[in-house]
Structure formats: C-alpha cells, structure tokens
>>> print(open('final.cif').read())   # mmCIF, C-alpha atoms and all ligand atoms
data_coords
loop_
_atom_site.label_atom_id
_atom_site.label_comp_id
_atom_site.auth_asym_id
_atom_site.auth_seq_id
_atom_site.Cartn_x
_atom_site.Cartn_y
_atom_site.Cartn_z
CA MET S 234 -2.13 47.15 -76.70
CA ASN S 235 0.21 45.48 -79.15
CA LEU S 236 0.45 41.82 -78.15
CA ASP S 237 3.92 41.42 -79.66
CA THR S 238 5.22 44.08 -77.27
CA ILE S 239 3.34 42.45 -74.38
CA ALA S 240 4.84 39.05 -75.26
CA ARG S 241 8.34 40.50 -75.44
CA VAL S 242 8.09 42.11 -72.01
CA ALA S 243 6.46 39.00 -70.51
CA LEU S 244 9.35 36.91 -71.81
CA GLN S 245 11.95 39.31 -70.42
CA ALA S 246 10.18 39.30 -67.04
CA ALA S 247 9.80 35.49 -66.97
CA ASP S 248 13.44 35.07 -67.90
CA ARG S 249 14.58 37.32 -65.05
CA GLY S 250 12.20 35.58 -62.64
CA GLY S 251 13.44 32.17 -63.76
CA ARG S 252 17.06 33.17 -63.21
CA ALA S 253 16.23 34.42 -59.71
CA LEU S 254 14.57 31.08 -58.95
CA CYS S 255 17.50 29.04 -60.26
CA ARG S 256 19.93 31.06 -58.11
CA CYS S 257 17.93 30.12 -54.99
CA PHE S 258 17.16 26.51 -55.94
CA GLY S 259 18.74 24.05 -53.53
CA ASN S 260 20.04 26.99 -51.61
CA LEU S 261 17.17 28.36 -49.53
CA SER S 262 18.02 29.95 -46.22
CA ARG S 263 14.47 30.95 -45.35
CA ILE S 264 11.06 29.28 -45.66
CA ASP S 265 8.05 30.95 -44.03
CA LYS S 266 4.45 29.80 -43.74
CA LYS S 267 1.38 31.68 -44.97
CA GLY S 268 -0.87 28.91 -43.60
CA ARG S 269 -0.53 25.38 -42.18
CA ILE S 270 0.98 24.01 -45.43
CA ASP S 271 1.19 27.15 -47.60
CA LEU S 272 4.83 28.24 -47.90
CA VAL S 273 6.59 31.39 -49.05
CA THR S 274 10.33 31.49 -49.60
CA GLU S 275 12.93 34.09 -50.45
CA ALA S 276 12.75 32.68 -54.00
CA ASP S 277 9.05 33.64 -54.38
CA LEU S 278 9.93 37.16 -53.25
CA ALA S 279 13.09 37.51 -55.35
CA SER S 280 11.33 36.33 -58.50
CA GLU S 281 8.33 38.58 -57.90
CA ARG S 282 10.61 41.59 -57.36
CA VAL S 283 12.33 41.28 -60.75
CA VAL S 284 9.17 40.31 -62.65
CA VAL S 285 7.26 43.32 -61.32
CA GLU S 286 10.27 45.61 -61.84
CA THR S 287 10.55 44.55 -65.49
CA ILE S 288 6.85 45.08 -66.20
CA ARG S 289 6.79 48.43 -64.37
CA ALA S 290 9.78 49.68 -66.35
CA HIS S 291 7.84 49.18 -69.60
CA PHE S 292 4.25 49.84 -68.49
CA PRO S 293 4.29 52.13 -65.46
CA HIS S 294 0.52 52.75 -65.68
CA HIS S 295 -0.65 49.16 -65.94
CA GLY S 296 -2.23 47.33 -63.01
CA ILE S 297 -0.46 44.41 -61.39
CA LEU S 298 -1.90 41.50 -59.42
CA ALA S 299 0.99 39.49 -58.02
CA GLU S 300 0.68 36.62 -55.56
CA GLU S 301 3.02 37.93 -52.86
CA SER S 302 2.43 41.70 -53.08
CA GLY S 303 -1.23 41.82 -54.17
CA ARG S 304 -2.69 44.58 -56.33
CA SER S 305 -0.74 47.66 -57.31
CA GLY S 306 -0.53 50.24 -60.07
CA GLY S 307 -3.24 51.78 -62.18
CA ASP S 308 -6.15 50.19 -63.97
CA ASP S 309 -6.14 52.23 -67.17
CA GLY S 310 -5.11 49.79 -69.83
CA GLY S 311 -4.02 46.32 -68.92
CA THR S 312 -3.50 44.22 -65.83
CA TRP S 313 -0.65 41.76 -65.32
CA ILE S 314 -1.36 38.65 -63.26
CA ILE S 315 1.79 37.10 -61.83
CA ASP S 316 2.74 33.91 -60.04
CA PRO S 317 6.47 34.41 -59.43
CA LEU S 318 6.95 30.79 -58.32
CA ASP S 319 4.28 28.24 -59.05
CA GLY S 320 5.22 25.04 -57.26
CA THR S 321 6.64 26.53 -54.06
CA THR S 322 6.24 23.27 -52.10
CA ASN S 323 8.21 21.37 -54.78
CA PHE S 324 10.84 24.13 -54.73
CA ALA S 325 11.19 24.03 -50.95
CA HIS S 326 11.81 20.26 -51.15
CA ASN S 327 14.38 20.62 -53.95
CA LEU S 328 12.01 18.99 -56.43
CA PRO S 329 12.80 20.66 -59.77
CA LEU S 330 9.22 21.17 -60.97
CA PHE S 331 8.18 24.80 -60.80
CA ALA S 332 7.53 27.79 -63.02
CA VAL S 333 7.08 31.52 -63.42
CA SER S 334 3.61 32.38 -64.75
CA ILE S 335 2.72 35.76 -66.24
CA ALA S 336 -0.59 36.76 -67.83
CA TYR S 337 -1.74 40.02 -69.35
CA ALA S 338 -5.47 40.87 -69.30
CA GLU S 339 -7.66 43.66 -70.65
CA GLY S 340 -11.15 44.20 -69.23
CA GLY S 341 -10.84 40.96 -67.27
CA VAL S 342 -10.06 38.93 -70.40
CA VAL S 343 -6.64 37.30 -70.66
CA ARG S 344 -4.91 38.30 -73.89
CA HIS S 345 -1.45 36.87 -73.34
CA GLY S 346 0.17 34.13 -71.23
CA THR S 347 3.81 33.21 -70.68
CA ILE S 348 4.88 30.29 -68.48
CA LEU S 349 8.55 29.40 -68.05
CA ASN S 350 9.89 26.19 -66.54
CA PRO S 351 13.47 27.35 -66.02
CA VAL S 352 14.88 23.94 -65.10
CA ARG S 353 13.70 22.20 -68.27
CA GLY S 354 14.15 25.32 -70.37
CA GLU S 355 10.53 25.12 -71.50
CA LEU S 356 8.80 28.34 -72.48
CA PHE S 357 5.05 28.19 -73.14
CA GLN S 358 3.40 31.23 -74.72
CA ALA S 359 0.04 32.18 -76.16
CA SER S 360 -1.56 35.38 -77.36
CA ALA S 361 -5.30 35.61 -77.99
CA GLY S 362 -6.20 34.35 -81.46
CA ARG S 363 -2.63 33.43 -82.38
CA GLY S 364 -2.21 29.88 -81.08
CA ALA S 365 0.11 28.52 -78.40
CA THR S 366 3.77 27.58 -78.60
CA LEU S 367 6.42 25.64 -76.70
CA ASN S 368 9.86 27.11 -77.29
CA GLY S 369 8.49 28.85 -80.38
CA ARG S 370 6.86 25.77 -81.95
CA PRO S 371 3.06 25.47 -82.21
CA ILE S 372 1.45 23.05 -79.75
CA GLN S 373 -1.87 21.22 -79.80
CA VAL S 374 -3.93 19.40 -77.21
CA SER S 375 -4.23 15.59 -77.44
CA ARG S 376 -6.93 13.74 -79.36
CA THR S 377 -7.82 11.25 -76.63
CA SER S 378 -11.58 10.88 -76.66
CA GLN S 379 -12.19 8.10 -74.14
CA LEU S 380 -11.84 8.60 -70.39
CA ALA S 381 -10.48 5.06 -70.12
CA SER S 382 -7.43 6.15 -72.17
CA ALA S 383 -7.02 9.56 -70.53
CA LEU S 384 -4.13 10.67 -68.32
CA LEU S 385 -5.27 13.47 -65.99
CA MET S 386 -3.58 15.88 -63.63
CA THR S 387 -4.98 17.52 -60.53
CA GLY S 388 -3.92 19.47 -57.48
CA PHE S 389 -5.03 19.86 -53.88
CA PRO S 390 -5.90 23.17 -52.22
CA TYR S 391 -3.94 24.44 -49.19
CA ASP S 392 -7.09 24.54 -47.04
CA LEU S 393 -7.60 20.81 -47.49
CA ASP S 394 -8.84 20.43 -43.94
CA LYS S 395 -12.07 22.24 -44.99
CA THR S 396 -12.50 20.48 -48.33
CA LEU S 397 -11.00 17.03 -47.89
CA ASP S 398 -14.18 15.01 -48.50
CA THR S 399 -15.06 16.85 -51.72
CA VAL S 400 -11.51 16.73 -53.03
CA VAL S 401 -11.17 13.02 -52.29
CA GLY S 402 -14.66 12.35 -53.71
CA ARG S 403 -13.68 13.93 -57.04
CA LEU S 404 -10.34 12.12 -57.10
CA LYS S 405 -12.04 8.81 -56.38
CA ALA S 406 -14.62 9.33 -59.13
CA CYS S 407 -11.84 10.01 -61.66
CA LEU S 408 -9.48 7.26 -60.51
CA ALA S 409 -12.22 4.72 -61.12
CA MET S 410 -12.71 5.76 -64.74
CA VAL S 411 -9.42 6.97 -66.27
CA GLN S 412 -6.01 5.58 -67.15
CA GLY S 413 -4.15 7.59 -64.51
CA VAL S 414 -4.14 10.71 -62.34
CA ARG S 415 -0.99 12.68 -61.47
CA ARG S 416 -0.45 15.45 -58.89
CA PRO S 417 2.75 17.18 -60.08
CA GLY S 418 2.45 20.26 -57.82
CA ALA S 419 2.48 23.29 -60.13
CA ALA S 420 -0.92 24.17 -61.61
CA ALA S 421 0.54 26.46 -64.29
CA LEU S 422 2.66 23.58 -65.62
CA ASP S 423 -0.26 21.15 -65.37
CA LEU S 424 -2.16 23.46 -67.72
CA CYS S 425 0.82 23.60 -70.09
CA ASP S 426 0.91 19.79 -70.08
CA VAL S 427 -2.72 19.74 -71.20
CA ALA S 428 -1.91 22.31 -73.89
CA CYS S 429 0.92 20.28 -75.41
CA GLY S 430 -0.88 16.94 -75.18
CA ARG S 431 1.23 15.30 -72.46
CA CYS S 432 -1.97 14.82 -70.53
CA ASP S 433 -5.61 15.02 -71.54
CA GLY S 434 -7.18 16.99 -68.72
CA PHE S 435 -6.58 18.87 -65.46
CA TRP S 436 -8.93 19.88 -62.67
CA GLU S 437 -8.45 21.67 -59.39
CA GLU S 438 -10.58 23.69 -56.99
CA ARG S 439 -9.84 26.81 -54.95
CA LEU S 440 -7.14 28.16 -57.23
CA LYS S 441 -6.24 31.84 -57.56
CA PRO S 442 -6.02 34.02 -60.71
CA TRP S 443 -2.20 33.84 -60.72
CA ASP S 444 -2.35 30.02 -60.81
CA THR S 445 -4.61 29.82 -63.86
CA ALA S 446 -4.69 33.05 -65.93
CA ALA S 447 -1.72 32.36 -68.24
CA GLY S 448 -2.20 28.58 -68.43
CA ALA S 449 -5.89 28.75 -69.30
CA LEU S 450 -5.17 30.91 -72.35
CA ILE S 451 -2.35 28.57 -73.39
CA VAL S 452 -4.79 25.62 -73.25
CA THR S 453 -7.53 27.34 -75.26
CA GLU S 454 -5.06 28.63 -77.85
CA ALA S 455 -3.76 25.06 -78.20
CA GLY S 456 -7.29 23.94 -79.10
CA GLY S 457 -8.48 22.84 -75.65
CA ARG S 458 -11.42 23.89 -73.50
CA VAL S 459 -11.35 25.58 -70.08
CA THR S 460 -14.41 26.03 -67.83
CA ASP S 461 -15.44 25.56 -64.23
CA PHE S 462 -16.97 22.21 -63.22
CA ASP S 463 -20.42 23.44 -64.39
CA GLY S 464 -19.22 24.29 -67.88
CA VAL S 465 -19.08 28.08 -67.36
CA ALA S 466 -16.36 29.59 -69.58
CA PHE S 467 -13.09 30.40 -67.80
CA SER S 468 -12.39 33.72 -66.18
CA PRO S 469 -9.34 34.37 -63.97
CA GLU S 470 -11.42 34.93 -60.82
CA MET S 471 -13.12 31.53 -60.93
CA PRO S 472 -11.73 29.20 -58.25
CA SER S 473 -12.52 25.82 -59.88
CA ILE S 474 -11.00 24.93 -63.18
CA LEU S 475 -11.45 22.09 -65.63
CA ALA S 476 -9.08 22.21 -68.61
CA THR S 477 -9.15 19.46 -71.20
CA ASN S 478 -8.46 18.62 -74.81
CA GLY S 479 -12.16 19.32 -75.46
CA ALA S 480 -12.98 15.75 -76.46
CA ILE S 481 -13.27 14.47 -72.87
CA HIS S 482 -14.56 17.72 -71.36
CA ARG S 483 -18.22 16.85 -70.95
CA ALA S 484 -17.55 13.36 -69.61
CA LEU S 485 -15.02 14.65 -67.09
CA ALA S 486 -17.31 17.50 -65.96
CA ASP S 487 -20.05 14.91 -65.35
CA LEU S 488 -17.66 12.91 -63.16
CA LEU S 489 -16.52 15.91 -61.13
CA GLU S 490 -19.77 17.71 -60.51
CA PRO S 491 -21.80 15.05 -58.63
CA ALA S 492 -18.92 14.72 -56.16
CA GLY S 493 -19.24 18.44 -55.44
CA GLY S 494 -22.89 17.97 -54.50
C1 LIG S 501 0.14 25.97 -55.92
C2 LIG S 501 0.49 24.97 -57.00
C3 LIG S 501 -0.14 23.64 -56.70
C4 LIG S 501 -1.64 23.74 -56.49
C5 LIG S 501 -1.94 24.76 -55.42
C6 LIG S 501 -1.35 26.11 -55.81
P1 LIG S 501 1.99 27.85 -55.40
O1 LIG S 501 0.70 27.23 -56.21
O2 LIG S 501 0.05 25.42 -58.26
O3 LIG S 501 0.06 22.71 -57.74
O4 LIG S 501 -2.15 22.50 -56.14
O5 LIG S 501 -3.34 24.86 -55.30
O6 LIG S 501 -1.67 27.07 -54.86
O7 LIG S 501 1.54 28.10 -54.00
O8 LIG S 501 3.07 26.85 -55.49
O9 LIG S 501 2.23 29.09 -56.16
CA CA S 502 0.58 29.07 -57.79
CA CA S 503 3.28 31.01 -56.11
#
>>> encode(input="final.cif", output="structure tokens")
Amino acid sequence: MNLDTIARVALQAADRGGRALCRCFGNLSRIDKKGRIDLVTEADLASERVVVETIRAHFPHHGILAEESGRSGGDDGGTWIIDPLDGTTNFAHNLPLFAVSIAYAEGGVVRHGTILNPVRGELFQASAGRGATLNGRPIQVSRTSQLASALLMTGFPYDLDKTLDTVVGRLKACLAMVQGVRRPGAAALDLCDVACGRCDGFWEERLKPWDTAAGALIVTEAGGRVTDFDGVAFSPEMPSILATNGAIHRALADLLEPAGG
C-alpha cells in the first residue's frame, strides 16, 4: 500500500477526530467508567466515530482495531490501530493534554503513525523508512547519554491495585538515578516527546496496541529505540514498552527489569 496515501488518510482522520475532541473539551455531559479508574466519555466515542468513518470511506476492506469498538472489517491488506482519545483522564478533568493516535500496520508491522495533539496544534507523523516529523519538520531523539542527566516519562496502568508494588519499584529505581520523571497522562504524546527530544526515555507496563503502535514507529523513525523491558524489539501487542533515545536504553532497561523480578 502506498504510504503517502495512508499518511493522507490518517491525517484527515486525525484532524476530524481532533475537531470532535475540541468540540467536547470543557463541555462533557457524560463520563462513564470501564473500570474503577478507567473512564470513557462521549468525546472518546465521537472521535472514534469520525476516525473510523474516514478510514472506512477510503479503505472499506482494511481491518480496524479501535479502543472503544474493538476489531472490525477485513484482514486482507492493512490494519488500522486507533486510540481516538489518548489521555481520557486528563480530558475529563479539563487538562488540555490529550491526542488522537492512528497507526497503520501490515502483517503485524507498523508502517505509518500519526499522532495529533489538537490543543497545541502539534502533528507527529512517521512512515517506515522515511523519518519522523513534527508539523512537517524532521525530528530527532535527544543525545543524552547519562542517566543522571536524563528526563524520563512514565505512566501507570488502570489496574494499579494488582501491580502497585512492581510499578512503584520501577519508579523508585528510576527516581534514584535520573534527573527527573514525569507522568503527563497520555502515552502516545509521551512517545512523541521522546521522538522530538523533549525527554530522553519513556516506560510503561500493561499498555494496549492503540496506546503504542503509532508512537513507537515515530520514536524509531526519529532515531530512537523501542523494546520491552527485556530488550525484545517492539510489536504492537507487547504490553510493556521502553522507548528511549538509544543512548540510555541499556542502562534504563537494567534499572527497570530487576524491579519486575
Ligand atoms: C491511557 C494514557 C495514560 C496511560 C494509560 C493509558 P487512555 O490511555 O495513555 O497515559 O498511563 O495506561 O491507558 O485510556 O487515556 O486512552
Ligand atoms: Ca490510550
Ligand atoms: Ca483512549
């Protein structure tokens, strides 16, 4: 499949999704719970509706994996992996830090990623082998090579009650060694921040393909490295992700893994 066409449709879909989100922002009449702290709002649903509609209109036979509606469509050709609103908890609290994330994969390998932060007007894109861009300009990961100078980002899974000790163990191990750790609340944007060098690394466990598929490609196309905590190369189905500028990858993996036991 022509990646230029894919990128064009992904942009159109992200743009429509982003507009739907901005219409609802600060204006939510309904917030439901999928779990104790896992929310879904009318904004998630409205964005997903227009993103899926846009992709279907162009590629009626492609498969779709979208956070709120699950799998649909065929599997001949490509699969689109969609997070219509990454950062739902931020959104529900009127914190303007959220995104639409759209990936396109063939044979389980991500070939294109588009992530739009509609509030900041930041569009991150990458196609396999072609580099990564922010608003059309090439981006690169940072050059930080020492953990002591590294700014990291992380996130916490919704089923924290089952994983609290491990999550806190990993956080503690990192806090003791690095310059700082942030928890912004939208994994797709955390990955973009690694890709454009605003931070040097990101880790999180128990993520889903829609959280990571687009962002992981954007990081690798920006010159970074993405694996699980054991160093296994990224694939969208893997729940744990470590994305760095490459230079601190090994050292950070060594910090994270002992905490996991
Ligand atoms: C969540 C965000 C958050 C991360 C969670 C994700 P959602 O996605 O990316 O930063 O810590 O693990 O599930 O629910 O806002 O799409
Ligand atoms: Ca998400
Ligand atoms: Ca979401």
>>> residues_near_ligand(input="final.cif", ligand="ligand CA 503 (chain S)", cutoff="12 Å", atoms="only C-alpha atoms and all ligand atoms", output="PDB file with C-alpha atoms, in the frame of the given file")
ATOM      1  CA  GLY S 250      12.200  35.580 -62.640  1.00  0.00           C
ATOM      2  CA  LEU S 254      14.570  31.080 -58.950  1.00  0.00           C
ATOM      3  CA  LYS S 267       1.380  31.680 -44.970  1.00  0.00           C
ATOM      4  CA  ASP S 271       1.190  27.150 -47.600  1.00  0.00           C
ATOM      5  CA  LEU S 272       4.830  28.240 -47.900  1.00  0.00           C
ATOM      6  CA  VAL S 273       6.590  31.390 -49.050  1.00  0.00           C
ATOM      7  CA  THR S 274      10.330  31.490 -49.600  1.00  0.00           C
ATOM      8  CA  GLU S 275      12.930  34.090 -50.450  1.00  0.00           C
ATOM      9  CA  ALA S 276      12.750  32.680 -54.000  1.00  0.00           C
ATOM     10  CA  ASP S 277       9.050  33.640 -54.380  1.00  0.00           C
ATOM     11  CA  LEU S 278       9.930  37.160 -53.250  1.00  0.00           C
ATOM     12  CA  ALA S 279      13.090  37.510 -55.350  1.00  0.00           C
ATOM     13  CA  SER S 280      11.330  36.330 -58.500  1.00  0.00           C
ATOM     14  CA  GLU S 281       8.330  38.580 -57.900  1.00  0.00           C
ATOM     15  CA  ALA S 299       0.990  39.490 -58.020  1.00  0.00           C
ATOM     16  CA  GLU S 300       0.680  36.620 -55.560  1.00  0.00           C
ATOM     17  CA  GLU S 301       3.020  37.930 -52.860  1.00  0.00           C
ATOM     18  CA  SER S 302       2.430  41.700 -53.080  1.00  0.00           C
ATOM     19  CA  GLY S 303      -1.230  41.820 -54.170  1.00  0.00           C
ATOM     20  CA  ILE S 314      -1.360  38.650 -63.260  1.00  0.00           C
ATOM     21  CA  ILE S 315       1.790  37.100 -61.830  1.00  0.00           C
ATOM     22  CA  ASP S 316       2.740  33.910 -60.040  1.00  0.00           C
ATOM     23  CA  PRO S 317       6.470  34.410 -59.430  1.00  0.00           C
ATOM     24  CA  LEU S 318       6.950  30.790 -58.320  1.00  0.00           C
ATOM     25  CA  ASP S 319       4.280  28.240 -59.050  1.00  0.00           C
ATOM     26  CA  GLY S 320       5.220  25.040 -57.260  1.00  0.00           C
ATOM     27  CA  THR S 321       6.640  26.530 -54.060  1.00  0.00           C
ATOM     28  CA  THR S 322       6.240  23.270 -52.100  1.00  0.00           C
ATOM     29  CA  ASN S 323       8.210  21.370 -54.780  1.00  0.00           C
ATOM     30  CA  PHE S 324      10.840  24.130 -54.730  1.00  0.00           C
ATOM     31  CA  ALA S 325      11.190  24.030 -50.950  1.00  0.00           C
ATOM     32  CA  PHE S 331       8.180  24.800 -60.800  1.00  0.00           C
ATOM     33  CA  ALA S 332       7.530  27.790 -63.020  1.00  0.00           C
ATOM     34  CA  VAL S 333       7.080  31.520 -63.420  1.00  0.00           C
ATOM     35  CA  SER S 334       3.610  32.380 -64.750  1.00  0.00           C
ATOM     36  CA  ILE S 335       2.720  35.760 -66.240  1.00  0.00           C
ATOM     37  CA  TYR S 391      -3.940  24.440 -49.190  1.00  0.00           C
ATOM     38  CA  GLY S 418       2.450  20.260 -57.820  1.00  0.00           C
ATOM     39  CA  ALA S 419       2.480  23.290 -60.130  1.00  0.00           C
ATOM     40  CA  ALA S 420      -0.920  24.170 -61.610  1.00  0.00           C
ATOM     41  CA  ALA S 421       0.540  26.460 -64.290  1.00  0.00           C
ATOM     42  CA  LEU S 440      -7.140  28.160 -57.230  1.00  0.00           C
ATOM     43  CA  LYS S 441      -6.240  31.840 -57.560  1.00  0.00           C
ATOM     44  CA  PRO S 442      -6.020  34.020 -60.710  1.00  0.00           C
ATOM     45  CA  TRP S 443      -2.200  33.840 -60.720  1.00  0.00           C
ATOM     46  CA  ASP S 444      -2.350  30.020 -60.810  1.00  0.00           C
ATOM     47  CA  THR S 445      -4.610  29.820 -63.860  1.00  0.00           C
TER      48      THR S 445
END
>>> atom_distance(input="final.cif", atom1="CA of Gly296 in chain S", atom2="CA of Gly341 in chain S")
11.5 Å
>>> atom_distance(input="final.cif", atom1="CA of Ile451 in chain S", atom2="CA of Met386 in chain S")
16.1 Å
>>> closest_residue(input="final.cif", among="S:Ala406, S:Ala336, S:Ala446, S:Val452", to="Leu485 in chain S", atoms="only C-alpha atoms")
S:Ala406
>>> closest_residue(input="final.cif", among="S:Lys266, S:Arg439, S:Arg249, S:Arg241", to="ligand CA 502 (chain S)", atoms="all atoms listed in the file")
S:Arg439
>>> residues_around(input="final.cif", residues="range 423-431 of chain S", least_positions_apart="4", cutoff="7 Å", atoms="only C-alpha atoms", output="list in words")
Phe357, Ile372, Gln373, Val374, Ser375, Met386, Ala419, Phe435, Gly448, Ala449, Ile451, Val452, Ala455, Gly457, Thr477 and Asn478 of chain S
>>> residues_near_point(input="final.cif", point="(-4.9, 47.2, -67.4)", cutoff="10 Å", atoms="only C-alpha atoms", output="list in words")
Met234, Phe292, His294, His295, Gly296, Ile297, Gly306, Gly307, Asp308, Asp309, Gly310, Gly311, Thr312, Trp313, Tyr337, Ala338, Glu339, Gly340 and Gly341 of chain S
>>> closest_residue(input="final.cif", among="S:Ala447, S:Leu384, S:Cys257, S:Val411", to="ligand CA 502 (chain S)", atoms="only C-alpha atoms and all ligand atoms")
S:Ala447
>>> closest_residue(input="final.cif", among="S:Asp433, S:Gly251, S:Asp394, S:Ala486", to="Gly354 in chain S", atoms="all atoms listed in the file")
S:Gly251
>>> atom_distance(input="final.cif", atom1="CA of Ala359 in chain S", atom2="CA of Phe389 in chain S")
26.0 Å
>>> closest_residue(input="final.cif", among="S:Thr387, S:Ser262, S:Asn235, S:Gln245", to="Val400 in chain S", atoms="only C-alpha atoms")
S:Thr387
>>> closest_residue(input="final.cif", among="S:Leu422, S:Glu490, S:Leu397, S:His291", to="ligand CA 502 (chain S)", atoms="only C-alpha atoms and all ligand atoms")
S:Leu422
>>> residues_around(input="final.cif", residues="Ile481 in chain S", least_positions_apart="2", cutoff="10 Å", atoms="only C-alpha atoms", output="tab-separated table (two decimals) with C-alpha atoms, in the coordinates of the input")
chain	number	residue	atom	x	y	z
S	376	ARG	CA	-6.93	13.74	-79.36
S	377	THR	CA	-7.82	11.25	-76.63
S	378	SER	CA	-11.58	10.88	-76.66
S	379	GLN	CA	-12.19	8.10	-74.14
S	380	LEU	CA	-11.84	8.60	-70.39
S	383	ALA	CA	-7.02	9.56	-70.53
S	433	ASP	CA	-5.61	15.02	-71.54
S	434	GLY	CA	-7.18	16.99	-68.72
S	458	ARG	CA	-11.42	23.89	-73.50
S	476	ALA	CA	-9.08	22.21	-68.61
S	477	THR	CA	-9.15	19.46	-71.20
S	478	ASN	CA	-8.46	18.62	-74.81
S	479	GLY	CA	-12.16	19.32	-75.46
S	483	ARG	CA	-18.22	16.85	-70.95
S	484	ALA	CA	-17.55	13.36	-69.61
S	485	LEU	CA	-15.02	14.65	-67.09
S	486	ALA	CA	-17.31	17.50	-65.96
>>> axis_aligned_box(input="final.cif", around="range 275-287 of chain S", padding_each_side="5 Å", output="AutoDock Vina command-line options")
--center_x 10.2 --center_y 39.1 --center_z -58.0 --size_x 15.8 --size_y 22.9 --size_z 25.0
>>> build_atoms(input="final.cif", residues="range 259-271 of chain S", atoms="N, CA, C and O atoms", output="CSV table (one decimal), in the coordinates of the input")
chain,number,residue,atom,x,y,z
S,259,GLY,N,17.8,24.9,-54.3
S,259,GLY,CA,18.7,24.0,-53.5
S,259,GLY,C,19.6,24.8,-52.5
S,259,GLY,O,20.5,24.3,-51.9
S,260,ASN,N,19.2,26.1,-52.3
S,260,ASN,CA,20.0,27.0,-51.6
S,260,ASN,C,19.2,27.9,-50.7
S,260,ASN,O,19.7,29.0,-50.4
S,261,LEU,N,18.1,27.5,-50.3
S,261,LEU,CA,17.2,28.4,-49.5
S,261,LEU,C,17.6,28.5,-48.1
S,261,LEU,O,17.9,27.5,-47.4
S,262,SER,N,17.7,29.8,-47.6
S,262,SER,CA,18.0,30.0,-46.2
S,262,SER,C,16.8,30.3,-45.4
S,262,SER,O,16.8,30.2,-44.2
S,263,ARG,N,15.6,30.5,-46.1
S,263,ARG,CA,14.5,31.0,-45.4
S,263,ARG,C,13.2,30.4,-46.0
S,263,ARG,O,12.9,30.7,-47.2
S,264,ILE,N,12.4,29.7,-45.2
S,264,ILE,CA,11.1,29.3,-45.7
S,264,ILE,C,10.0,29.7,-44.6
S,264,ILE,O,10.2,29.3,-43.4
S,265,ASP,N,9.1,30.5,-45.0
S,265,ASP,CA,8.0,31.0,-44.0
S,265,ASP,C,6.7,30.3,-44.4
S,265,ASP,O,6.6,29.8,-45.5
S,266,LYS,N,5.8,30.4,-43.5
S,266,LYS,CA,4.4,29.8,-43.7
S,266,LYS,C,3.4,30.9,-43.8
S,266,LYS,O,3.3,31.8,-43.0
S,267,LYS,N,2.5,30.8,-44.9
S,267,LYS,CA,1.4,31.7,-45.0
S,267,LYS,C,0.1,31.0,-44.3
S,267,LYS,O,-0.8,31.6,-44.1
S,268,GLY,N,0.2,29.7,-44.2
S,268,GLY,CA,-0.9,28.9,-43.6
S,268,GLY,C,-0.2,27.6,-43.1
S,268,GLY,O,1.0,27.5,-43.2
S,269,ARG,N,-1.1,26.6,-42.7
S,269,ARG,CA,-0.5,25.4,-42.2
S,269,ARG,C,0.4,24.7,-43.1
S,269,ARG,O,1.5,24.2,-42.7
S,270,ILE,N,0.1,24.7,-44.5
S,270,ILE,CA,1.0,24.0,-45.4
S,270,ILE,C,1.3,24.9,-46.6
S,270,ILE,O,1.8,24.4,-47.6
S,271,ASP,N,1.0,26.2,-46.5
S,271,ASP,CA,1.2,27.2,-47.6
S,271,ASP,C,2.5,27.9,-47.3
S,271,ASP,O,2.6,28.7,-46.4
